[in-house]
>>> print(open('run.pdb').read())   # PDB, C-alpha atoms
ATOM      1  CA  MET A   1       2.939  -7.154 -28.544
ATOM      2  CA  SER A   2       1.232  -6.448 -25.227
ATOM      3  CA  VAL A   3       2.712  -7.299 -21.863
ATOM      4  CA  GLN A   4       0.569  -9.515 -19.615
ATOM      5  CA  TYR A   5       0.189  -7.904 -16.191
ATOM      6  CA  PHE A   6      -2.005  -8.245 -13.136
ATOM      7  CA  GLU A   7      -3.320  -5.123 -11.439
ATOM      8  CA  GLY A   8      -4.418  -4.432  -7.885
ATOM      9  CA  VAL A   9      -5.639  -1.236  -6.261
ATOM     10  CA  GLY A  10      -4.756  -0.505  -2.648
ATOM     11  CA  ARG A  11      -5.977   2.288  -0.413
ATOM     12  CA  ARG A  12      -4.951   3.555   3.019
ATOM     13  CA  LYS A  13      -5.937   6.868   4.651
ATOM     14  CA  GLU A  14      -5.825   9.333   1.722
ATOM     15  CA  ALA A  15      -3.390   7.307  -0.413
ATOM     16  CA  VAL A  16      -4.427   5.329  -3.494
ATOM     17  CA  ALA A  17      -1.983   2.983  -5.238
ATOM     18  CA  ARG A  18      -2.406   1.200  -8.581
ATOM     19  CA  VAL A  19       0.026  -1.718  -8.644
ATOM     20  CA  ARG A  20       0.879  -3.761 -11.746
ATOM     21  CA  VAL A  21       2.825  -7.021 -11.495
ATOM     22  CA  MET A  22       4.353  -8.778 -14.510
ATOM     23  CA  ALA A  23       7.045 -11.357 -15.151
ATOM     24  CA  GLY A  24      10.437  -9.703 -15.387
ATOM     25  CA  SER A  25      13.799  -9.080 -13.815
ATOM     26  CA  GLY A  26      12.925  -7.628 -10.400
ATOM     27  CA  ARG A  27      12.481  -3.916 -11.185
ATOM     28  CA  PHE A  28      10.317  -1.987  -8.726
ATOM     29  CA  ILE A  29       9.176   1.387 -10.108
ATOM     30  CA  VAL A  30       7.103   3.873  -8.076
ATOM     31  CA  ASN A  31       5.891   6.988  -9.922
ATOM     32  CA  ASP A  32       8.688   6.640 -12.529
ATOM     33  CA  LYS A  33      11.406   6.334  -9.851
ATOM     34  CA  GLU A  34      13.185   3.293  -8.453
ATOM     35  CA  GLY A  35      11.469   1.957  -5.310
ATOM     36  CA  PRO A  36      14.350   2.524  -2.850
ATOM     37  CA  VAL A  37      14.823   6.062  -4.221
ATOM     38  CA  TYR A  38      11.136   6.946  -3.787
ATOM     39  CA  PHE A  39      10.934   5.364  -0.318
ATOM     40  CA  GLY A  40      14.156   6.411   1.382
ATOM     41  CA  ARG A  41      13.005   5.546   4.890
ATOM     42  CA  LEU A  42      14.492   2.463   6.504
ATOM     43  CA  GLY A  43      12.182  -0.559   6.354
ATOM     44  CA  ASP A  44       9.615   0.845   3.911
ATOM     45  CA  MET A  45      10.661  -1.353   0.981
ATOM     46  CA  GLU A  46      10.773  -4.425   3.233
ATOM     47  CA  SER A  47       7.206  -3.815   4.406
ATOM     48  CA  ILE A  48       6.035  -3.218   0.830
ATOM     49  CA  LEU A  49       7.510  -6.541  -0.331
ATOM     50  CA  THR A  50       5.853  -8.646   2.423
ATOM     51  CA  PRO A  51       3.214 -10.040   0.003
ATOM     52  CA  PHE A  52       6.028 -11.783  -1.895
ATOM     53  CA  LYS A  53       7.287 -13.296   1.372
ATOM     54  CA  ALA A  54       3.756 -14.398   2.315
ATOM     55  CA  ALA A  55       3.354 -16.011  -1.112
ATOM     56  CA  GLY A  56       6.735 -17.713  -0.810
ATOM     57  CA  GLN A  57       7.875 -16.171  -4.083
ATOM     58  CA  ASP A  58      10.996 -14.286  -5.036
ATOM     59  CA  ALA A  59      10.439 -10.576  -5.728
ATOM     60  CA  HIS A  60      13.298 -10.651  -8.246
ATOM     61  CA  THR A  61      11.282 -12.691 -10.749
ATOM     62  CA  TYR A  62       8.648  -9.961 -11.211
ATOM     63  CA  ASP A  63       8.593  -6.385 -12.424
ATOM     64  CA  VAL A  64       6.333  -4.124 -10.375
ATOM     65  CA  THR A  65       5.148  -0.691 -11.471
ATOM     66  CA  VAL A  66       3.198   1.525  -9.075
ATOM     67  CA  HIS A  67       1.277   4.754  -9.507
ATOM     68  CA  VAL A  68       0.531   6.163  -6.062
ATOM     69  CA  LYS A  69      -0.995   9.498  -5.106
ATOM     70  CA  GLY A  70      -2.264  11.196  -1.989
ATOM     71  CA  GLY A  71      -1.459  10.713   1.666
ATOM     72  CA  GLY A  72       1.908  10.519   3.354
ATOM     73  CA  VAL A  73       4.719   7.996   3.321
ATOM     74  CA  THR A  74       3.098   5.498   5.704
ATOM     75  CA  GLY A  75      -0.264   5.632   3.952
ATOM     76  CA  GLN A  76       1.400   5.137   0.584
ATOM     77  CA  THR A  77       3.468   2.149   1.735
ATOM     78  CA  ASP A  78       0.394   0.452   3.205
ATOM     79  CA  ALA A  79      -1.644   1.194   0.065
ATOM     80  CA  ILE A  80       1.076  -0.318  -2.132
ATOM     81  CA  THR A  81       1.272  -3.407   0.104
ATOM     82  CA  LEU A  82      -2.486  -3.984  -0.221
ATOM     83  CA  GLY A  83      -2.418  -3.388  -3.989
ATOM     84  CA  LEU A  84       0.510  -5.776  -4.427
ATOM     85  CA  ALA A  85      -1.240  -8.483  -2.391
ATOM     86  CA  ARG A  86      -4.413  -8.076  -4.470
ATOM     87  CA  ALA A  87      -2.443  -8.266  -7.732
ATOM     88  CA  LEU A  88      -0.675 -11.459  -6.616
ATOM     89  CA  VAL A  89      -4.031 -13.029  -5.687
ATOM     90  CA  LYS A  90      -5.362 -12.135  -9.159
ATOM     91  CA  MET A  91      -2.307 -13.853 -10.604
ATOM     92  CA  ASP A  92      -2.800 -17.005  -8.495
ATOM     93  CA  ALA A  93      -6.009 -17.447  -6.491
ATOM     94  CA  ASN A  94      -4.396 -20.230  -4.425
ATOM     95  CA  LEU A  95      -2.375 -17.552  -2.575
ATOM     96  CA  THR A  96      -5.472 -16.153  -0.837
ATOM     97  CA  PRO A  97      -5.153 -18.192   2.418
ATOM     98  CA  ALA A  98      -1.470 -17.253   2.794
ATOM     99  CA  MET A  99      -2.245 -13.556   2.237
ATOM    100  CA  ARG A 100      -5.152 -13.716   4.698
ATOM    101  CA  LYS A 101      -2.914 -15.357   7.312
ATOM    102  CA  PHE A 102      -0.549 -12.365   7.141
ATOM    103  CA  GLY A 103      -3.510  -9.928   7.118
ATOM    104  CA  LEU A 104      -2.521  -8.488   3.749
ATOM    105  CA  LEU A 105      -5.945  -8.546   2.045
ATOM    106  CA  THR A 106      -7.779  -6.522   4.694
ATOM    107  CA  ARG A 107      -8.127  -2.825   3.987
ATOM    108  CA  ASP A 108      -7.301  -0.636   6.989
ATOM    109  CA  ALA A 109     -10.390   1.578   7.123
ATOM    110  CA  ARG A 110      -9.083   4.045   9.717
ATOM    111  CA  ILE A 111      -9.155   7.576   8.336
ATOM    112  CA  LYS A 112      -8.803  11.024   9.865
ATOM    113  CA  GLU A 113     -11.870  12.022  11.854
ATOM    114  CA  ARG A 114     -13.598  15.210  10.760
ATOM    115  CA  LYS A 115     -13.464  18.411  12.804
ATOM    116  CA  LYS A 116     -16.667  19.162  14.720
ATOM    117  CA  PRO A 117     -18.122  22.671  15.094
ATOM    118  CA  GLY A 118     -17.217  24.412  18.336
ATOM    119  CA  LEU A 119     -14.114  22.259  18.829
ATOM    120  CA  LYS A 120     -10.480  22.992  17.982
ATOM    121  CA  ARG A 121      -9.907  19.594  16.378
ATOM    122  CA  ALA A 122     -12.028  16.460  15.995
ATOM    123  CA  ARG A 123     -12.338  15.992  19.773
ATOM    124  CA  LYS A 124     -10.235  18.696  21.474
ATOM    125  CA  ALA A 125     -12.473  21.206  23.205
ATOM    126  CA  PRO A 126     -11.458  24.800  23.984
ATOM    127  CA  THR A 127     -10.129  25.366  27.493
ATOM    128  CA  HIS A 128     -12.982  25.738  29.956
ATOM    129  CA  THR A 129     -12.797  28.836  32.209
ATOM    130  CA  THR A 130     -14.663  29.140  35.518
ATOM    131  CA  ARG A 131     -14.826  32.950  35.609
TER
END
>>> encode(input="run.pdb", output="structure tokens")
Amino acid sequence: MSVQYFEGVGRRKEAVARVRVMAGSGRFIVNDKEGPVYFGRLGDMESILTPFKAAGQDAHTYDVTVHVKGGGVTGQTDAITLGLARALVKMDANLTPAMRKFGLLTRDARIKERKKPGLKRARKAPTHTTR
């Protein structure tokens, strides 16, 4: 017996999240840990679950498993949000306008700018001396 699931991949900065959504009892697993345990920061789980609010569905009727790697906490939460929104759209294509309205299907393409030669960081120049 195989479990029917819908998968979405989300990316943000250096983080990549593979999100699987299936019918279930409301479990949210991130890298083999419970969601609130993995994301201890206040408000992270609420921001991750916004695709369910945009879809007008209850998060407690689905099981969500996530494999996320790379990046920091903020990048990972945004990657999971995008992956979850994409998985829900795969499940029901009629949710696309609602997800678009909340801006959940647009990938945030901002990444760290590379360091240029002769500079200390991407844009910070060494201190200029007159003498």
>>> atom_distance(input="run.pdb", atom1="CA of Val19 (chain A)", atom2="CA of Phe52 (chain A)")
13.5 Å
>>> closest_atom_pairs(input="run.pdb", of="region 89-126 of chain A", to="region 21-27 of chain A", cutoff="12 Å", atoms="only C-alpha atoms", output="JSON lines")
{"residue": "A:Val89", "atom": "CA", "partner": "A:Val21", "partner_atom": "CA", "distance": 10.8}
{"residue": "A:Lys90", "atom": "CA", "partner": "A:Val21", "partner_atom": "CA", "distance": 9.9}
{"residue": "A:Met91", "atom": "CA", "partner": "A:Val21", "partner_atom": "CA", "distance": 8.6}
{"residue": "A:Asp92", "atom": "CA", "partner": "A:Val21", "partner_atom": "CA", "distance": 11.8}
>>> write_last_selection(input="run.pdb", atoms="C-alpha atoms", output="PDB file, keeping the file's coordinate frame")
ATOM      1  CA  VAL A  89      -4.031 -13.029  -5.687  1.00  0.00           C
ATOM      2  CA  LYS A  90      -5.362 -12.135  -9.159  1.00  0.00           C
ATOM      3  CA  MET A  91      -2.307 -13.853 -10.604  1.00  0.00           C
ATOM      4  CA  ASP A  92      -2.800 -17.005  -8.495  1.00  0.00           C
TER       5      ASP A  92
END
>>> resolve_selection(input="run.pdb", expression="the PyMOL selection byres ((chain A and resi 72) around 10)", output="JSON list (two decimals) with C-alpha atoms, keeping the file's coordinate frame")
[["chain", "number", "residue", "atom", "x", "y", "z"],
["A", 12, "ARG", "CA", -4.95, 3.56, 3.02],
["A", 13, "LYS", "CA", -5.94, 6.87, 4.65],
["A", 14, "GLU", "CA", -5.82, 9.33, 1.72],
["A", 15, "ALA", "CA", -3.39, 7.31, -0.41],
["A", 69, "LYS", "CA", -1.00, 9.50, -5.11],
["A", 70, "GLY", "CA", -2.26, 11.20, -1.99],
["A", 71, "GLY", "CA", -1.46, 10.71, 1.67],
["A", 73, "VAL", "CA", 4.72, 8.00, 3.32],
["A", 74, "THR", "CA", 3.10, 5.50, 5.70],
["A", 75, "GLY", "CA", -0.26, 5.63, 3.95],
["A", 76, "GLN", "CA", 1.40, 5.14, 0.58],
["A", 77, "THR", "CA", 3.47, 2.15, 1.74]]
>>> resolve_selection(input="run.pdb", expression="the PyMOL selection byres ((chain A and resi 33-41) around 10)", output="PDB file with C-alpha atoms, keeping the file's coordinate frame")
ATOM      1  CA  ARG A  27      12.481  -3.916 -11.185  1.00  0.00           C
ATOM      2  CA  PHE A  28      10.317  -1.987  -8.726  1.00  0.00           C
ATOM      3  CA  ILE A  29       9.176   1.387 -10.108  1.00  0.00           C
ATOM      4  CA  VAL A  30       7.103   3.873  -8.076  1.00  0.00           C
ATOM      5  CA  ASN A  31       5.891   6.988  -9.922  1.00  0.00           C
ATOM      6  CA  ASP A  32       8.688   6.640 -12.529  1.00  0.00           C
ATOM      7  CA  LEU A  42      14.492   2.463   6.504  1.00  0.00           C
ATOM      8  CA  GLY A  43      12.182  -0.559   6.354  1.00  0.00           C
ATOM      9  CA  ASP A  44       9.615   0.845   3.911  1.00  0.00           C
ATOM     10  CA  MET A  45      10.661  -1.353   0.981  1.00  0.00           C
ATOM     11  CA  GLU A  46      10.773  -4.425   3.233  1.00  0.00           C
ATOM     12  CA  ILE A  48       6.035  -3.218   0.830  1.00  0.00           C
ATOM     13  CA  VAL A  64       6.333  -4.124 -10.375  1.00  0.00           C
ATOM     14  CA  THR A  65       5.148  -0.691 -11.471  1.00  0.00           C
ATOM     15  CA  VAL A  66       3.198   1.525  -9.075  1.00  0.00           C
ATOM     16  CA  VAL A  73       4.719   7.996   3.321  1.00  0.00           C
ATOM     17  CA  THR A  74       3.098   5.498   5.704  1.00  0.00           C
ATOM     18  CA  GLN A  76       1.400   5.137   0.584  1.00  0.00           C
ATOM     19  CA  THR A  77       3.468   2.149   1.735  1.00  0.00           C
TER      20      THR A  77
END
>>> residues_around(input="run.pdb", residues="Pro97 (chain A)", least_positions_apart="5", cutoff="12 Å", atoms="only C-alpha atoms", output="count of residues only")
10
>>> residues_around(input="run.pdb", residues="Ala87 (chain A)", least_positions_apart="3", cutoff="6 Å", atoms="only C-alpha atoms", output="PyMOL selection string")
chain A and resi 6-8+84+90
>>> atom_distance(input="run.pdb", atom1="CA of Ala109 (chain A)", atom2="CA of Arg86 (chain A)")
16.2 Å
>>> axis_aligned_box(input="run.pdb", around="region 38-56 of chain A", padding_each_side="5 Å", output="JSON")
{"center_x": 8.9, "center_y": -5.4, "center_z": 1.4, "size_x": 21.3, "size_y": 34.7, "size_z": 20.3}
>>> closest_residue(input="run.pdb", among="A:His60, A:His67, A:Lys116, A:Lys53", to="Ala17 (chain A)", atoms="all atoms listed in the file")
A:His67
>>> build_atoms(input="run.pdb", residues="region 103-123 of chain A", atoms="N, CA and C atoms", output="PDB file, keeping the file's coordinate frame")
ATOM      1  N   GLY A 103      -2.659 -11.116   7.013  1.00  0.00           N
ATOM      2  CA  GLY A 103      -3.510  -9.928   7.118  1.00  0.00           C
ATOM      3  C   GLY A 103      -3.267  -8.919   6.017  1.00  0.00           C
ATOM      4  N   LEU A 104      -2.894  -9.399   4.838  1.00  0.00           N
ATOM      5  CA  LEU A 104      -2.521  -8.488   3.749  1.00  0.00           C
ATOM      6  C   LEU A 104      -3.679  -8.134   2.827  1.00  0.00           C
ATOM      7  N   LEU A 105      -4.818  -8.827   2.935  1.00  0.00           N
ATOM      8  CA  LEU A 105      -5.945  -8.546   2.045  1.00  0.00           C
ATOM      9  C   LEU A 105      -7.023  -7.712   2.721  1.00  0.00           C
ATOM     10  N   THR A 106      -6.800  -7.323   3.966  1.00  0.00           N
ATOM     11  CA  THR A 106      -7.779  -6.522   4.694  1.00  0.00           C
ATOM     12  C   THR A 106      -7.419  -5.052   4.587  1.00  0.00           C
ATOM     13  N   ARG A 107      -8.374  -4.253   4.122  1.00  0.00           N
ATOM     14  CA  ARG A 107      -8.127  -2.825   3.987  1.00  0.00           C
ATOM     15  C   ARG A 107      -8.260  -2.178   5.363  1.00  0.00           C
ATOM     16  N   ASP A 108      -7.277  -1.355   5.726  1.00  0.00           N
ATOM     17  CA  ASP A 108      -7.301  -0.636   6.989  1.00  0.00           C
ATOM     18  C   ASP A 108      -8.194   0.593   6.806  1.00  0.00           C
ATOM     19  N   ALA A 109      -9.371   0.555   7.386  1.00  0.00           N
ATOM     20  CA  ALA A 109     -10.390   1.578   7.123  1.00  0.00           C
ATOM     21  C   ALA A 109     -10.237   2.827   7.973  1.00  0.00           C
ATOM     22  N   ARG A 110      -9.226   2.871   8.847  1.00  0.00           N
ATOM     23  CA  ARG A 110      -9.083   4.045   9.717  1.00  0.00           C
ATOM     24  C   ARG A 110      -8.675   5.267   8.896  1.00  0.00           C
ATOM     25  N   ILE A 111      -9.470   6.327   9.012  1.00  0.00           N
ATOM     26  CA  ILE A 111      -9.155   7.576   8.336  1.00  0.00           C
ATOM     27  C   ILE A 111      -9.240   8.706   9.360  1.00  0.00           C
ATOM     28  N   LYS A 112      -8.782   9.882   8.958  1.00  0.00           N
ATOM     29  CA  LYS A 112      -8.803  11.024   9.865  1.00  0.00           C
ATOM     30  C   LYS A 112     -10.247  11.433  10.152  1.00  0.00           C
ATOM     31  N   GLU A 113     -10.530  11.632  11.440  1.00  0.00           N
ATOM     32  CA  GLU A 113     -11.870  12.022  11.854  1.00  0.00           C
ATOM     33  C   GLU A 113     -12.103  13.498  11.545  1.00  0.00           C
ATOM     34  N   ARG A 114     -13.320  13.829  11.141  1.00  0.00           N
ATOM     35  CA  ARG A 114     -13.598  15.210  10.760  1.00  0.00           C
ATOM     36  C   ARG A 114     -13.660  16.124  11.975  1.00  0.00           C
ATOM     37  N   LYS A 115     -13.402  17.407  11.748  1.00  0.00           N
ATOM     38  CA  LYS A 115     -13.464  18.411  12.804  1.00  0.00           C
ATOM     39  C   LYS A 115     -14.925  18.763  13.062  1.00  0.00           C
ATOM     40  N   LYS A 116     -15.301  18.821  14.354  1.00  0.00           N
ATOM     41  CA  LYS A 116     -16.667  19.162  14.720  1.00  0.00           C
ATOM     42  C   LYS A 116     -16.774  20.651  15.044  1.00  0.00           C
ATOM     43  N   PRO A 117     -17.949  21.258  14.791  1.00  0.00           N
ATOM     44  CA  PRO A 117     -18.122  22.671  15.094  1.00  0.00           C
ATOM     45  C   PRO A 117     -18.026  22.939  16.595  1.00  0.00           C
ATOM     46  N   GLY A 118     -17.376  24.037  16.941  1.00  0.00           N
ATOM     47  CA  GLY A 118     -17.217  24.412  18.336  1.00  0.00           C
ATOM     48  C   GLY A 118     -15.998  23.791  18.998  1.00  0.00           C
ATOM     49  N   LEU A 119     -15.315  22.893  18.298  1.00  0.00           N
ATOM     50  CA  LEU A 119     -14.114  22.259  18.829  1.00  0.00           C
ATOM     51  C   LEU A 119     -12.896  22.720  18.037  1.00  0.00           C
ATOM     52  N   LYS A 120     -11.712  22.572  18.661  1.00  0.00           N
ATOM     53  CA  LYS A 120     -10.480  22.992  17.982  1.00  0.00           C
ATOM     54  C   LYS A 120     -10.054  21.962  16.938  1.00  0.00           C
ATOM     55  N   ARG A 121     -10.203  20.685  17.308  1.00  0.00           N
ATOM     56  CA  ARG A 121      -9.907  19.594  16.378  1.00  0.00           C
ATOM     57  C   ARG A 121     -11.099  18.638  16.420  1.00  0.00           C
ATOM     58  N   ALA A 122     -10.915  17.403  16.022  1.00  0.00           N
ATOM     59  CA  ALA A 122     -12.028  16.460  15.995  1.00  0.00           C
ATOM     60  C   ALA A 122     -12.659  16.287  17.366  1.00  0.00           C
ATOM     61  N   ARG A 123     -11.806  16.213  18.420  1.00  0.00           N
ATOM     62  CA  ARG A 123     -12.338  15.992  19.773  1.00  0.00           C
ATOM     63  C   ARG A 123     -11.840  16.977  20.815  1.00  0.00           C
TER      64      ARG A 123
END
